[in-house]
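Engineer: Just one file: upload33.tsv, with TSV, C-alpha atoms.
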```
chain	number	residue	atom	x	y	z
A	1	MET	CA	-20.76	0.61	9.48
A	2	LYS	CA	-19.87	1.18	5.86
A	3	LYS	CA	-18.10	-1.09	3.43
A	4	VAL	CA	-15.88	0.76	1.01
A	5	THR	CA	-14.75	-1.07	-2.12
A	6	ILE	CA	-11.83	0.63	-3.82
A	7	TYR	CA	-10.86	-0.23	-7.39
A	8	ILE	CA	-7.34	0.75	-8.45
A	9	MET	CA	-6.26	0.46	-12.08
A	10	PRO	CA	-3.15	1.53	-13.97
A	11	LYS	CA	-3.66	4.80	-15.82
A	12	GLN	CA	-4.38	4.56	-19.54
A	13	GLY	CA	-1.13	4.12	-21.41
A	14	VAL	CA	0.86	2.93	-18.40
A	15	LEU	CA	2.59	-0.40	-18.95
A	16	ASP	CA	0.60	-3.28	-17.44
A	17	PRO	CA	2.81	-6.35	-17.99
A	18	GLN	CA	0.62	-8.49	-15.76
A	19	GLY	CA	-2.37	-7.74	-17.97
A	20	LYS	CA	-0.31	-8.49	-21.07
A	21	ALA	CA	0.81	-11.83	-19.61
A	22	ILE	CA	-2.78	-12.80	-18.77
A	23	GLN	CA	-3.90	-11.85	-22.27
A	24	THR	CA	-1.14	-13.95	-23.87
A	25	SER	CA	-2.12	-16.90	-21.71
A	26	LEU	CA	-5.84	-16.56	-22.49
A	27	ASN	CA	-5.01	-16.37	-26.21
A	28	ALA	CA	-2.84	-19.50	-25.84
A	29	LEU	CA	-5.80	-21.32	-24.28
A	30	GLY	CA	-7.79	-20.61	-27.40
A	31	PHE	CA	-9.60	-17.47	-26.29
A	32	SER	CA	-8.40	-15.61	-29.34
A	33	ASP	CA	-11.21	-13.07	-29.02
A	34	VAL	CA	-9.52	-11.46	-25.99
A	35	GLU	CA	-7.87	-8.36	-27.37
A	36	GLU	CA	-6.95	-6.53	-24.22
A	37	VAL	CA	-6.54	-7.31	-20.51
A	38	GLN	CA	-5.95	-4.82	-17.76
A	39	THR	CA	-5.30	-5.80	-14.18
A	40	GLY	CA	-5.63	-3.78	-11.02
A	41	LYS	CA	-6.32	-4.07	-7.33
A	42	LEU	CA	-9.45	-4.29	-5.28
A	43	ILE	CA	-9.27	-3.17	-1.66
A	44	GLU	CA	-12.19	-3.52	0.75
A	45	LEU	CA	-12.44	-1.51	3.94
A	46	VAL	CA	-15.02	-1.66	6.69
A	47	VAL	CA	-15.16	1.72	8.40
A	48	GLU	CA	-17.20	3.45	11.03
A	49	ASP	CA	-19.99	5.71	9.83
A	50	HIS	CA	-18.61	9.15	9.29
A	51	GLU	CA	-20.18	12.18	7.66
A	52	ASP	CA	-16.93	12.93	5.80
A	53	ILE	CA	-16.48	9.39	4.52
A	54	ASP	CA	-15.87	10.49	0.92
A	55	LYS	CA	-13.22	12.98	1.96
A	56	ARG	CA	-11.51	10.45	4.21
A	57	VAL	CA	-11.50	7.64	1.64
A	58	GLY	CA	-10.13	10.10	-0.93
A	59	GLU	CA	-7.32	10.98	1.48
A	60	MET	CA	-6.57	7.31	2.16
A	61	CYS	CA	-6.31	6.67	-1.57
A	62	ASP	CA	-4.17	9.74	-2.27
A	63	LYS	CA	-1.85	9.23	0.70
A	64	LEU	CA	-1.32	5.49	0.50
A	65	LEU	CA	-3.64	3.18	-1.37
A	66	ALA	CA	-3.12	4.48	-4.91
A	67	ASN	CA	-0.14	6.15	-6.54
A	68	PRO	CA	-1.48	9.08	-8.57
A	69	VAL	CA	1.59	9.02	-10.84
A	70	MET	CA	0.57	5.71	-12.38
A	71	GLU	CA	-2.84	4.68	-11.04
A	72	ASP	CA	-6.46	5.82	-11.13
A	73	TYR	CA	-9.05	4.78	-8.57
A	74	HIS	CA	-12.73	4.89	-7.83
A	75	TYR	CA	-14.74	3.47	-4.94
A	76	GLU	CA	-18.20	2.47	-3.85
A	77	VAL	CA	-19.68	2.83	-0.37
A	78	GLU	CA	-22.42	0.57	0.97
A	79	GLU	CA	-24.09	0.04	4.30
A	80	VAL	CA	-23.16	-3.10	6.25
A	81	ALA	CA	-24.52	-4.39	9.51
A	82	ARG	CA	-22.23	-4.29	12.53
A	83	THR	CA	-21.13	-7.83	13.32
B	1	MET	CA	30.98	11.86	8.75
B	2	LYS	CA	28.38	9.61	10.31
B	3	PHE	CA	26.01	7.43	8.27
B	4	ALA	CA	22.64	5.94	9.16
B	5	VAL	CA	21.54	2.85	7.24
B	6	ILE	CA	17.78	2.58	7.79
B	7	VAL	CA	16.56	-0.99	8.22
B	8	PHE	CA	12.93	-1.78	7.43
B	9	PRO	CA	11.29	-5.16	7.90
B	10	GLY	CA	12.31	-6.85	4.64
B	11	SER	CA	15.43	-4.79	3.88
B	12	ASN	CA	18.13	-7.16	2.69
B	13	CYS	CA	20.93	-4.96	1.38
B	14	ASP	CA	21.33	-3.12	4.69
B	15	ARG	CA	24.46	-5.06	5.66
B	16	ASP	CA	25.99	-4.62	2.21
B	17	MET	CA	25.47	-0.87	2.58
B	18	TYR	CA	26.90	-0.91	6.11
B	19	HIS	CA	29.89	-2.96	4.91
B	20	ALA	CA	30.57	-0.48	2.09
B	21	VAL	CA	30.61	2.66	4.24
B	22	ASN	CA	32.00	1.18	7.45
B	23	LYS	CA	34.39	-1.59	6.47
B	24	VAL	CA	35.50	-0.45	3.02
B	25	LEU	CA	35.40	3.35	3.43
B	26	GLY	CA	36.12	3.35	7.15
B	27	MET	CA	33.29	5.72	8.10
B	28	GLU	CA	31.22	5.68	11.26
B	29	ALA	CA	27.88	4.01	10.48
B	30	ASP	CA	24.87	2.57	12.32
B	31	LEU	CA	22.16	0.20	11.26
B	32	VAL	CA	19.05	2.07	12.43
B	33	TRP	CA	15.81	0.14	12.93
B	34	TYR	CA	12.91	1.98	11.29
B	35	ASP	CA	10.82	2.54	14.42
B	36	ASN	CA	13.60	3.21	16.87
B	37	SER	CA	15.29	6.16	15.42
B	38	ASN	CA	16.37	9.68	16.00
B	39	LEU	CA	18.31	10.72	12.95
B	40	GLU	CA	19.52	14.10	14.20
B	41	SER	CA	23.06	12.94	14.90
B	42	TYR	CA	23.64	11.57	11.38
B	43	ASP	CA	25.24	13.43	8.48
B	44	ALA	CA	23.91	11.18	5.74
B	45	ILE	CA	21.05	8.70	5.43
B	46	LEU	CA	21.21	5.56	3.34
B	47	LEU	CA	18.03	3.70	2.35
B	48	PRO	CA	19.12	0.21	1.33
B	49	GLY	CA	17.65	-2.27	-1.12
B	50	GLY	CA	15.40	-5.19	-0.33
B	51	PHE	CA	11.69	-5.82	-0.07
B	52	SER	CA	10.46	-3.51	2.68
B	53	TYR	CA	7.16	-4.81	4.08
B	54	GLY	CA	7.24	-7.58	1.48
B	55	ASP	CA	6.57	-5.05	-1.31
B	56	TYR	CA	2.91	-5.11	-0.21
B	57	LEU	CA	0.56	-2.64	-1.91
B	58	ARG	CA	3.35	-1.20	-4.11
B	59	THR	CA	7.14	-1.38	-3.77
B	60	GLY	CA	8.21	1.13	-1.13
B	61	ALA	CA	4.66	2.33	-0.38
B	62	ILE	CA	4.28	1.01	3.16
B	63	ALA	CA	7.80	2.07	4.13
B	64	SER	CA	7.11	5.57	2.82
B	65	ALA	CA	4.29	5.89	5.38
B	66	SER	CA	6.52	4.94	8.34
B	67	ASP	CA	7.50	7.43	11.05
B	68	VAL	CA	11.18	7.27	10.17
B	69	MET	CA	10.45	8.64	6.72
B	70	GLN	CA	9.13	11.84	8.34
B	71	GLN	CA	12.57	12.21	9.85
B	72	VAL	CA	14.24	11.39	6.56
B	73	LYS	CA	12.13	14.15	4.95
B	74	ALA	CA	13.20	16.62	7.63
B	75	HIS	CA	16.83	15.59	7.11
B	76	ALA	CA	16.43	16.07	3.35
B	77	ASP	CA	14.67	19.43	3.80
B	78	ALA	CA	17.66	20.55	5.87
B	79	GLY	CA	19.85	19.94	2.82
B	80	LYS	CA	21.61	16.86	4.19
B	81	PRO	CA	22.37	13.97	1.83
B	82	VAL	CA	20.05	11.00	1.35
B	83	LEU	CA	20.88	8.05	-0.91
B	84	GLY	CA	18.23	5.47	-1.80
B	85	VAL	CA	19.30	2.35	-3.67
B	86	CYS	CA	16.85	-0.04	-5.35
B	87	ASN	CA	14.03	-0.46	-2.80
B	88	GLY	CA	15.45	2.69	-1.20
B	89	PHE	CA	14.86	4.51	-4.50
B	90	GLN	CA	11.32	3.11	-4.64
B	91	ILE	CA	10.72	4.43	-1.10
B	92	LEU	CA	12.00	7.89	-2.11
B	93	LEU	CA	9.58	7.92	-5.07
B	94	GLU	CA	6.63	6.80	-2.92
B	95	SER	CA	7.55	9.43	-0.32
B	96	GLY	CA	7.54	12.19	-2.91
B	97	LEU	CA	11.17	13.04	-2.18
B	98	LEU	CA	11.86	12.26	-5.84
B	99	PRO	CA	9.39	12.52	-8.76
B	100	GLY	CA	7.98	9.57	-10.72
B	101	ALA	CA	7.06	5.97	-9.94
B	102	MET	CA	8.30	2.43	-10.55
B	103	LEU	CA	6.54	-0.06	-12.81
B	104	PRO	CA	7.34	-3.76	-13.23
B	105	ASN	CA	10.22	-4.49	-15.58
B	106	LYS	CA	9.11	-4.34	-19.19
B	107	HIS	CA	9.85	-8.02	-19.82
B	108	LEU	CA	8.30	-9.11	-16.51
B	109	SER	CA	11.25	-11.02	-15.12
B	110	PHE	CA	13.30	-10.24	-12.04
B	111	MET	CA	16.78	-9.25	-13.25
B	112	CYS	CA	20.04	-9.75	-11.43
B	113	HIS	CA	23.23	-9.01	-13.34
B	114	HIS	CA	25.76	-6.26	-14.05
B	115	GLU	CA	24.79	-3.35	-16.27
B	116	GLN	CA	26.81	-0.62	-17.95
B	117	LEU	CA	25.77	2.86	-16.88
B	118	THR	CA	26.71	6.32	-18.05
B	119	VAL	CA	27.35	8.97	-15.44
B	120	SER	CA	25.14	11.64	-17.01
B	121	ASN	CA	25.74	14.23	-14.33
B	122	HIS	CA	29.17	14.16	-12.68
B	123	LYS	CA	28.62	17.44	-10.87
B	124	THR	CA	26.41	16.25	-8.02
B	125	ARG	CA	27.81	15.77	-4.54
B	126	PHE	CA	27.51	12.01	-5.14
B	127	THR	CA	29.37	11.88	-8.46
B	128	THR	CA	32.26	14.38	-8.56
B	129	ASN	CA	34.85	11.58	-8.50
B	130	TYR	CA	33.54	10.25	-11.82
B	131	LYS	CA	34.56	11.74	-15.15
B	132	LYS	CA	32.05	13.42	-17.41
B	133	GLY	CA	30.16	10.71	-19.32
B	134	GLU	CA	32.14	7.93	-17.64
B	135	VAL	CA	30.76	4.44	-18.30
B	136	ILE	CA	30.71	2.30	-15.17
B	137	GLN	CA	29.52	-1.18	-14.30
B	138	LEU	CA	27.18	-1.81	-11.37
B	139	PRO	CA	24.93	-4.75	-10.48
B	140	ILE	CA	21.17	-4.51	-10.72
B	141	ALA	CA	18.72	-6.79	-8.90
B	142	HIS	CA	15.08	-5.83	-9.25
B	143	GLY	CA	11.66	-6.82	-10.55
B	144	GLU	CA	10.22	-3.30	-10.53
B	145	GLY	CA	12.86	-0.94	-11.85
B	146	ASN	CA	11.03	0.46	-14.84
B	147	TYR	CA	11.13	4.18	-14.08
B	148	PHE	CA	7.99	6.03	-15.13
B	149	ALA	CA	7.14	9.72	-15.13
B	150	ASP	CA	4.89	11.89	-17.28
B	151	ASP	CA	6.39	13.89	-20.14
B	152	GLU	CA	6.37	17.13	-18.17
B	153	THR	CA	8.34	15.57	-15.31
B	154	LEU	CA	10.82	13.96	-17.72
B	155	SER	CA	11.51	17.25	-19.46
B	156	GLU	CA	11.98	18.95	-16.09
B	157	LEU	CA	14.45	16.25	-15.06
B	158	LYS	CA	16.39	16.77	-18.29
B	159	GLN	CA	16.24	20.54	-18.12
B	160	ASN	CA	17.50	20.64	-14.52
B	161	ASN	CA	20.20	18.04	-15.16
B	162	GLN	CA	18.61	15.73	-12.55
B	163	ILE	CA	19.26	12.53	-14.50
B	164	VAL	CA	22.46	11.27	-12.87
B	165	PHE	CA	22.82	7.72	-14.24
B	166	THR	CA	21.44	6.21	-17.46
B	167	TYR	CA	21.56	2.61	-18.71
B	168	GLU	CA	23.66	1.89	-21.77
B	169	ASN	CA	21.32	-1.01	-22.66
B	170	ASN	CA	18.08	-0.19	-20.90
B	171	PRO	CA	17.22	-3.56	-19.29
B	172	ASN	CA	13.84	-2.77	-17.76
B	173	GLY	CA	12.09	-0.25	-20.02
B	174	SER	CA	12.83	2.84	-17.93
B	175	ALA	CA	11.77	6.16	-19.43
B	176	ALA	CA	14.71	8.05	-20.96
B	177	ASP	CA	17.00	5.12	-19.95
B	178	ILE	CA	16.95	6.47	-16.40
B	179	ALA	CA	18.85	4.47	-13.77
B	180	GLY	CA	19.19	7.23	-11.16
B	181	ILE	CA	17.90	10.75	-10.50
B	182	ILE	CA	18.60	13.50	-8.00
B	183	ASN	CA	16.23	16.10	-6.56
B	184	ASN	CA	16.41	19.67	-7.75
B	185	GLU	CA	18.28	20.74	-4.60
B	186	GLY	CA	20.97	18.13	-5.28
B	187	ASN	CA	20.94	16.30	-1.94
B	188	VAL	CA	18.59	13.32	-2.52
B	189	LEU	CA	19.78	10.66	-4.96
B	190	GLY	CA	17.80	7.57	-5.91
B	191	MET	CA	19.16	4.80	-8.15
B	192	MET	CA	18.19	1.24	-9.04
B	193	PRO	CA	21.72	-0.20	-9.53
B	194	HIS	CA	23.69	-1.11	-6.41
B	195	PRO	CA	26.88	0.93	-5.85
B	196	GLU	CA	27.32	-0.71	-2.43
B	197	ARG	CA	27.69	-4.11	-4.10
B	198	ALA	CA	30.53	-2.80	-6.26
B	199	VAL	CA	33.10	-1.45	-3.82
B	200	GLU	CA	35.76	-4.16	-4.06
B	201	LYS	CA	37.37	-5.83	-7.09
B	202	LEU	CA	36.45	-9.15	-5.48
B	203	LEU	CA	32.80	-8.31	-6.21
B	204	GLY	CA	33.40	-8.02	-9.95
B	205	SER	CA	33.50	-4.21	-10.00
B	206	ASP	CA	34.59	-1.45	-7.67
B	207	ASP	CA	32.98	1.29	-9.75
B	208	GLY	CA	30.55	2.09	-6.93
B	209	ILE	CA	33.21	3.23	-4.52
B	210	LYS	CA	33.65	6.62	-6.20
B	211	LEU	CA	30.04	7.45	-5.36
B	212	PHE	CA	30.67	7.07	-1.64
B	213	GLN	CA	34.07	8.78	-1.93
B	214	SER	CA	32.45	11.74	-3.73
B	215	LEU	CA	29.85	12.07	-0.99
B	216	ILE	CA	32.44	11.93	1.78
B	217	GLU	CA	34.91	14.32	0.14
B	218	ASN	CA	32.21	16.88	-0.70
B	219	TRP	CA	30.89	16.70	2.84
B	220	ARG	CA	34.39	17.25	4.22
B	221	ASP	CA	34.94	20.23	1.90
B	222	ALA	CA	31.69	21.83	3.00
B	223	TYR	CA	32.39	21.07	6.65
B	224	ALA	CA	35.93	22.50	6.46
B	225	VAL	CA	34.59	25.71	4.90
B	226	ASN	CA	31.86	26.10	7.52
B	227	THR	CA	34.07	25.69	10.56
```
Here is a file; write its structure as structure tokens.
Structural biologist:
Amino acid sequence: MKKVTIYIMPKQGVLDPQGKAIQTSLNALGFSDVEEVQTGKLIELVVEDHEDIDKRVGEMCDKLLANPVMEDYHYEVEEVART
Amino acid sequence: MKFAVIVFPGSNCDRDMYHAVNKVLGMEADLVWYDNSNLESYDAILLPGGFSYGDYLRTGAIASASDVMQQVKAHADAGKPVLGVCNGFQILLESGLLPGAMLPNKHLSFMCHHEQLTVSNHKTRFTTNYKKGEVIQLPIAHGEGNYFADDETLSELKQNNQIVFTYENNPNGSAADIAGIINNEGNVLGMMPHPERAVEKLLGSDDGIKLFQSLIENWRDAYAVNT
């Protein structure tokens, strides 16, 4: 089995109000050194071993998990033991 | 003219939409559950507002992957009218039936009030009963209505006259003040404001009724010519 960890972030320049709100809050708590916050999503999948895993994960991201109009993604694949 | 109002788990403006076309405009209409549907017998498809699938992943994303949206695509490809309002608009964007995407409102808050809109294109099959540049009042109710598209897409929308409604006082940060756009073929309209909640004076505005009347009259004209 493989564990796929997918990181999805807003594209550079796309409004990220959640990130802005977190930054404002951190600044208010006294962390004035925080100059920028960006938020995104992390999605973990456990999938069967497959020789085309990269192609399939790419398709999953393009078809559903990320919206290419406003988001970028990358992912990591690691081996996990079958439970 | 027969309307289908598609109901997803989490739709909550489906009955408002049904009330507008059936009770107010007197048209035949069905509430059609998303997984139990053959849309061939319908002349127009309405995607109502709400929170389909709890807005999980992204607004409209899960609904866009449902089987019924394949049928909606086929219906749209055949040139038949599709109207998506609010979450329905978000589903049309996620399905690729309209270009662009929705971001959270610029000032973060969920907004629910009436807005003034300009009818930027009164020559679509949804807007012929409005006057050129007419300013109308419709309610909005959304947390993610900040329309986003890249510069190339925005200039295409402008060039092809696909921007149908714009906000007078852009409440959510939408690019080019966009409140509603139509596809290049002119049969798929998506808009964030709710015309179905503005079809009777009792509701504070009946400015939305002309949209449904335009659609019905244009359909009748085309049907009368073809038969």
Engineer: Ranking B:Asn121, B:Ser64, B:Asn184, B:Asn22 by minimum distance to chain A and counting all atoms listed in the file, which one comes first?
Structural biologist: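 Comparing B:Asn121, B:Ser64, B:Asn184, B:Asn22 against chain A, the winner is B:Ser64.
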Engineer: Produce a table with one row for each residue of chain A that has an atom at most 8 Å from any atom of chain B, each row naming the nearest atom pair and its distance in Å at one decimal; use only C-alpha atoms; arrange rows by chain and rising residue number; format as a tab-separated table.
Structural biologist:
```
residue	atom	partner	partner_atom	distance
A:Leu15	CA	B:Leu103	CA	7.3
A:Asp16	CA	B:Pro104	CA	8.0
A:Pro17	CA	B:Leu108	CA	6.3
A:Gln18	CA	B:Leu108	CA	7.7
A:Leu64	CA	B:Ala61	CA	6.8
A:Leu65	CA	B:Leu57	CA	7.2
A:Asn67	CA	B:Glu94	CA	7.7
A:Val69	CA	B:Ala101	CA	6.3
A:Met70	CA	B:Ala101	CA	6.9
```
Engineer: So that I can check the surroundings of Asp72 (chain A), please list as a count of residues only every protein, DNA and RNA residue that reaches within 10 Å of it, counting only C-alpha atoms and ignoring chain neighbours fewer than 4 positions away.
Structural biologist: 12
Engineer: What does the structure give for the distance between CA of Met60 (chain A) and CA of Leu45 (chain A), in Å to one decimal?
Structural biologist: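 According to the coordinates, CA of Met60 (chain A) and CA of Leu45 (chain A) are separated by 10.7 Å.
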Engineer: Identify which of the residues A:Ser25, A:Val80, A:Asp54, A:Gly19 lies closest to Val37 (chain A), counting all atoms listed in the file when measuring atom-to-atom distances.
Structural biologist: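 Smallest separation from Val37 (chain A) among the options: A:Gly19.
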Engineer: What's around Ile22 (chain A) at 10 Å? Count all atoms listed in the file, leave out sequence neighbours fewer than 4 positions away in its own chain, and write the answer as a CSV table (one decimal) with C-alpha atoms, in the frame of the given file.
Structural biologist:
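The result, stored in result_3.csv:
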```csv
chain,number,residue,atom,x,y,z
A,17,PRO,CA,2.8,-6.4,-18.0
A,18,GLN,CA,0.6,-8.5,-15.8
A,26,LEU,CA,-5.8,-16.6,-22.5
A,27,ASN,CA,-5.0,-16.4,-26.2
A,28,ALA,CA,-2.8,-19.5,-25.8
A,34,VAL,CA,-9.5,-11.5,-26.0
A,36,GLU,CA,-7.0,-6.5,-24.2
A,37,VAL,CA,-6.5,-7.3,-20.5
A,38,GLN,CA,-6.0,-4.8,-17.8
A,39,THR,CA,-5.3,-5.8,-14.2
```
Engineer: Which polymer residues have any atom within 6 Å of an atom of region 133-141 of chain B, counting all atoms listed in the file, with same-chain residues fewer than 2 positions away left out, as a PDB file with C-alpha atoms, in the coordinates of the input?
Structural biologist:
```
ATOM      1  CA  MET B 111      16.780  -9.250 -13.250  1.00  0.00           C
ATOM      2  CA  CYS B 112      20.040  -9.750 -11.430  1.00  0.00           C
ATOM      3  CA  HIS B 113      23.230  -9.010 -13.340  1.00  0.00           C
ATOM      4  CA  HIS B 114      25.760  -6.260 -14.050  1.00  0.00           C
ATOM      5  CA  GLU B 115      24.790  -3.350 -16.270  1.00  0.00           C
ATOM      6  CA  GLN B 116      26.810  -0.620 -17.950  1.00  0.00           C
ATOM      7  CA  LEU B 117      25.770   2.860 -16.880  1.00  0.00           C
ATOM      8  CA  THR B 118      26.710   6.320 -18.050  1.00  0.00           C
ATOM      9  CA  VAL B 119      27.350   8.970 -15.440  1.00  0.00           C
ATOM     10  CA  SER B 120      25.140  11.640 -17.010  1.00  0.00           C
ATOM     11  CA  LYS B 131      34.560  11.740 -15.150  1.00  0.00           C
ATOM     12  CA  PRO B 193      21.720  -0.200  -9.530  1.00  0.00           C
ATOM     13  CA  HIS B 194      23.690  -1.110  -6.410  1.00  0.00           C
ATOM     14  CA  ASP B 207      32.980   1.290  -9.750  1.00  0.00           C
TER      15      ASP B 207
END
```
Engineer: I'd like the neighbourhood of Glu78 (chain A) as a list in words, where a residue qualifies if any of its atoms comes within 12 Å (using all atoms listed in the file), though same-chain residues fewer than 6 positions away should be ignored.
Structural biologist: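 Listing them by chain and then by number gives Met1, Lys2, Lys3, Val4, Thr5, Ile6, Glu44, Leu45, Val46, Val47, Glu48, Asp49, Ile53 and Asp54 of chain A.
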Engineer: Kindly give the distance, in Å, that separates CA of Pro81 (chain B) and CA of Phe3 (chain B), rounded to a single decimal.
Structural biologist: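 Atom-to-atom, CA of Pro81 (chain B) and CA of Phe3 (chain B) are spaced 9.9 Å apart.
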Engineer: Of the candidates B:Asn170, B:Tyr56, B:Asp30, B:Ser205, which one gets nearest to Lys41 (chain A) if we count all atoms listed in the file?
Structural biologist: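 Among the listed residues, the smallest separation from Lys41 (chain A) belongs to B:Tyr56.
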Engineer: Tell me which protein, DNA and RNA residues are within 7 Å of region 6-13 of chain B, counting all atoms listed in the file, leaving out same-chain ones fewer than 6 positions away, and put them as a PyMOL selection string.
Structural biologist: chain B and resi 31-34+46-54
Engineer: Measuring atom to atom with all atoms listed in the file, identify which of B:Ala175, B:Asn38, B:Lys201, B:Asp43 is nearest to Arg220 (chain B).
Structural biologist: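 Of B:Ala175, B:Asn38, B:Lys201, B:Asp43, the one nearest Arg220 (chain B), counting all atoms listed in the file, is B:Asp43.
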Engineer: So what do you get for CA of Thr59 (chain B) versus CA of Arg197 (chain B), distance-wise?
Structural biologist: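 One can read the CA of Thr59 (chain B) to CA of Arg197 (chain B) distance as 20.7 Å.
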Engineer: List every protein, DNA or RNA residue that has an atom no more than 12 Å from (20.6, 14.9, 14.6) in the file's coordinate frame, counting only C-alpha atoms, and report them as an mmCIF file with C-alpha atoms, in the frame of the given file.
Structural biologist:
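Below is the file that was written, part_1.cif:
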```cif
data_model
loop_
_atom_site.group_PDB
_atom_site.id
_atom_site.type_symbol
_atom_site.label_atom_id
_atom_site.label_comp_id
_atom_site.auth_asym_id
_atom_site.auth_seq_id
_atom_site.Cartn_x
_atom_site.Cartn_y
_atom_site.Cartn_z
ATOM 1 C CA LYS B 2 28.380 9.610 10.310
ATOM 2 C CA PHE B 3 26.010 7.430 8.270
ATOM 3 C CA ALA B 4 22.640 5.940 9.160
ATOM 4 C CA SER B 37 15.290 6.160 15.420
ATOM 5 C CA ASN B 38 16.370 9.680 16.000
ATOM 6 C CA LEU B 39 18.310 10.720 12.950
ATOM 7 C CA GLU B 40 19.520 14.100 14.200
ATOM 8 C CA SER B 41 23.060 12.940 14.900
ATOM 9 C CA TYR B 42 23.640 11.570 11.380
ATOM 10 C CA ASP B 43 25.240 13.430 8.480
ATOM 11 C CA ALA B 44 23.910 11.180 5.740
ATOM 12 C CA ILE B 45 21.050 8.700 5.430
ATOM 13 C CA GLN B 71 12.570 12.210 9.850
ATOM 14 C CA VAL B 72 14.240 11.390 6.560
ATOM 15 C CA ALA B 74 13.200 16.620 7.630
ATOM 16 C CA HIS B 75 16.830 15.590 7.110
ATOM 17 C CA ALA B 78 17.660 20.550 5.870
ATOM 18 C CA LYS B 80 21.610 16.860 4.190
#
```
Engineer: Choose the residue, out of B:Ser174, B:Phe165, B:Val21, B:Ser109, that has the smallest atom-to-atom separation from Val14 (chain A); count only C-alpha atoms.
Structural biologist: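 With only C-alpha atoms as the atom set, the closest residue is B:Ser174.
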Engineer: Write out as JSON an axis-aligned box for region 17-33 of chain B: all of its atoms listed in the file, 3 Å added on each side, centre and edge lengths in Å with one decimal.
Structural biologist:
```
{"center_x": 26.0, "center_y": 1.4, "center_z": 7.5, "size_x": 26.3, "size_y": 14.7, "size_z": 16.8}
```
Engineer: Choose the residue, out of B:Glu185, B:Asn36, B:Phe89, B:Tyr130, that has the smallest atom-to-atom separation from Asp67 (chain B); count only C-alpha atoms.
Structural biologist: B:Asn36
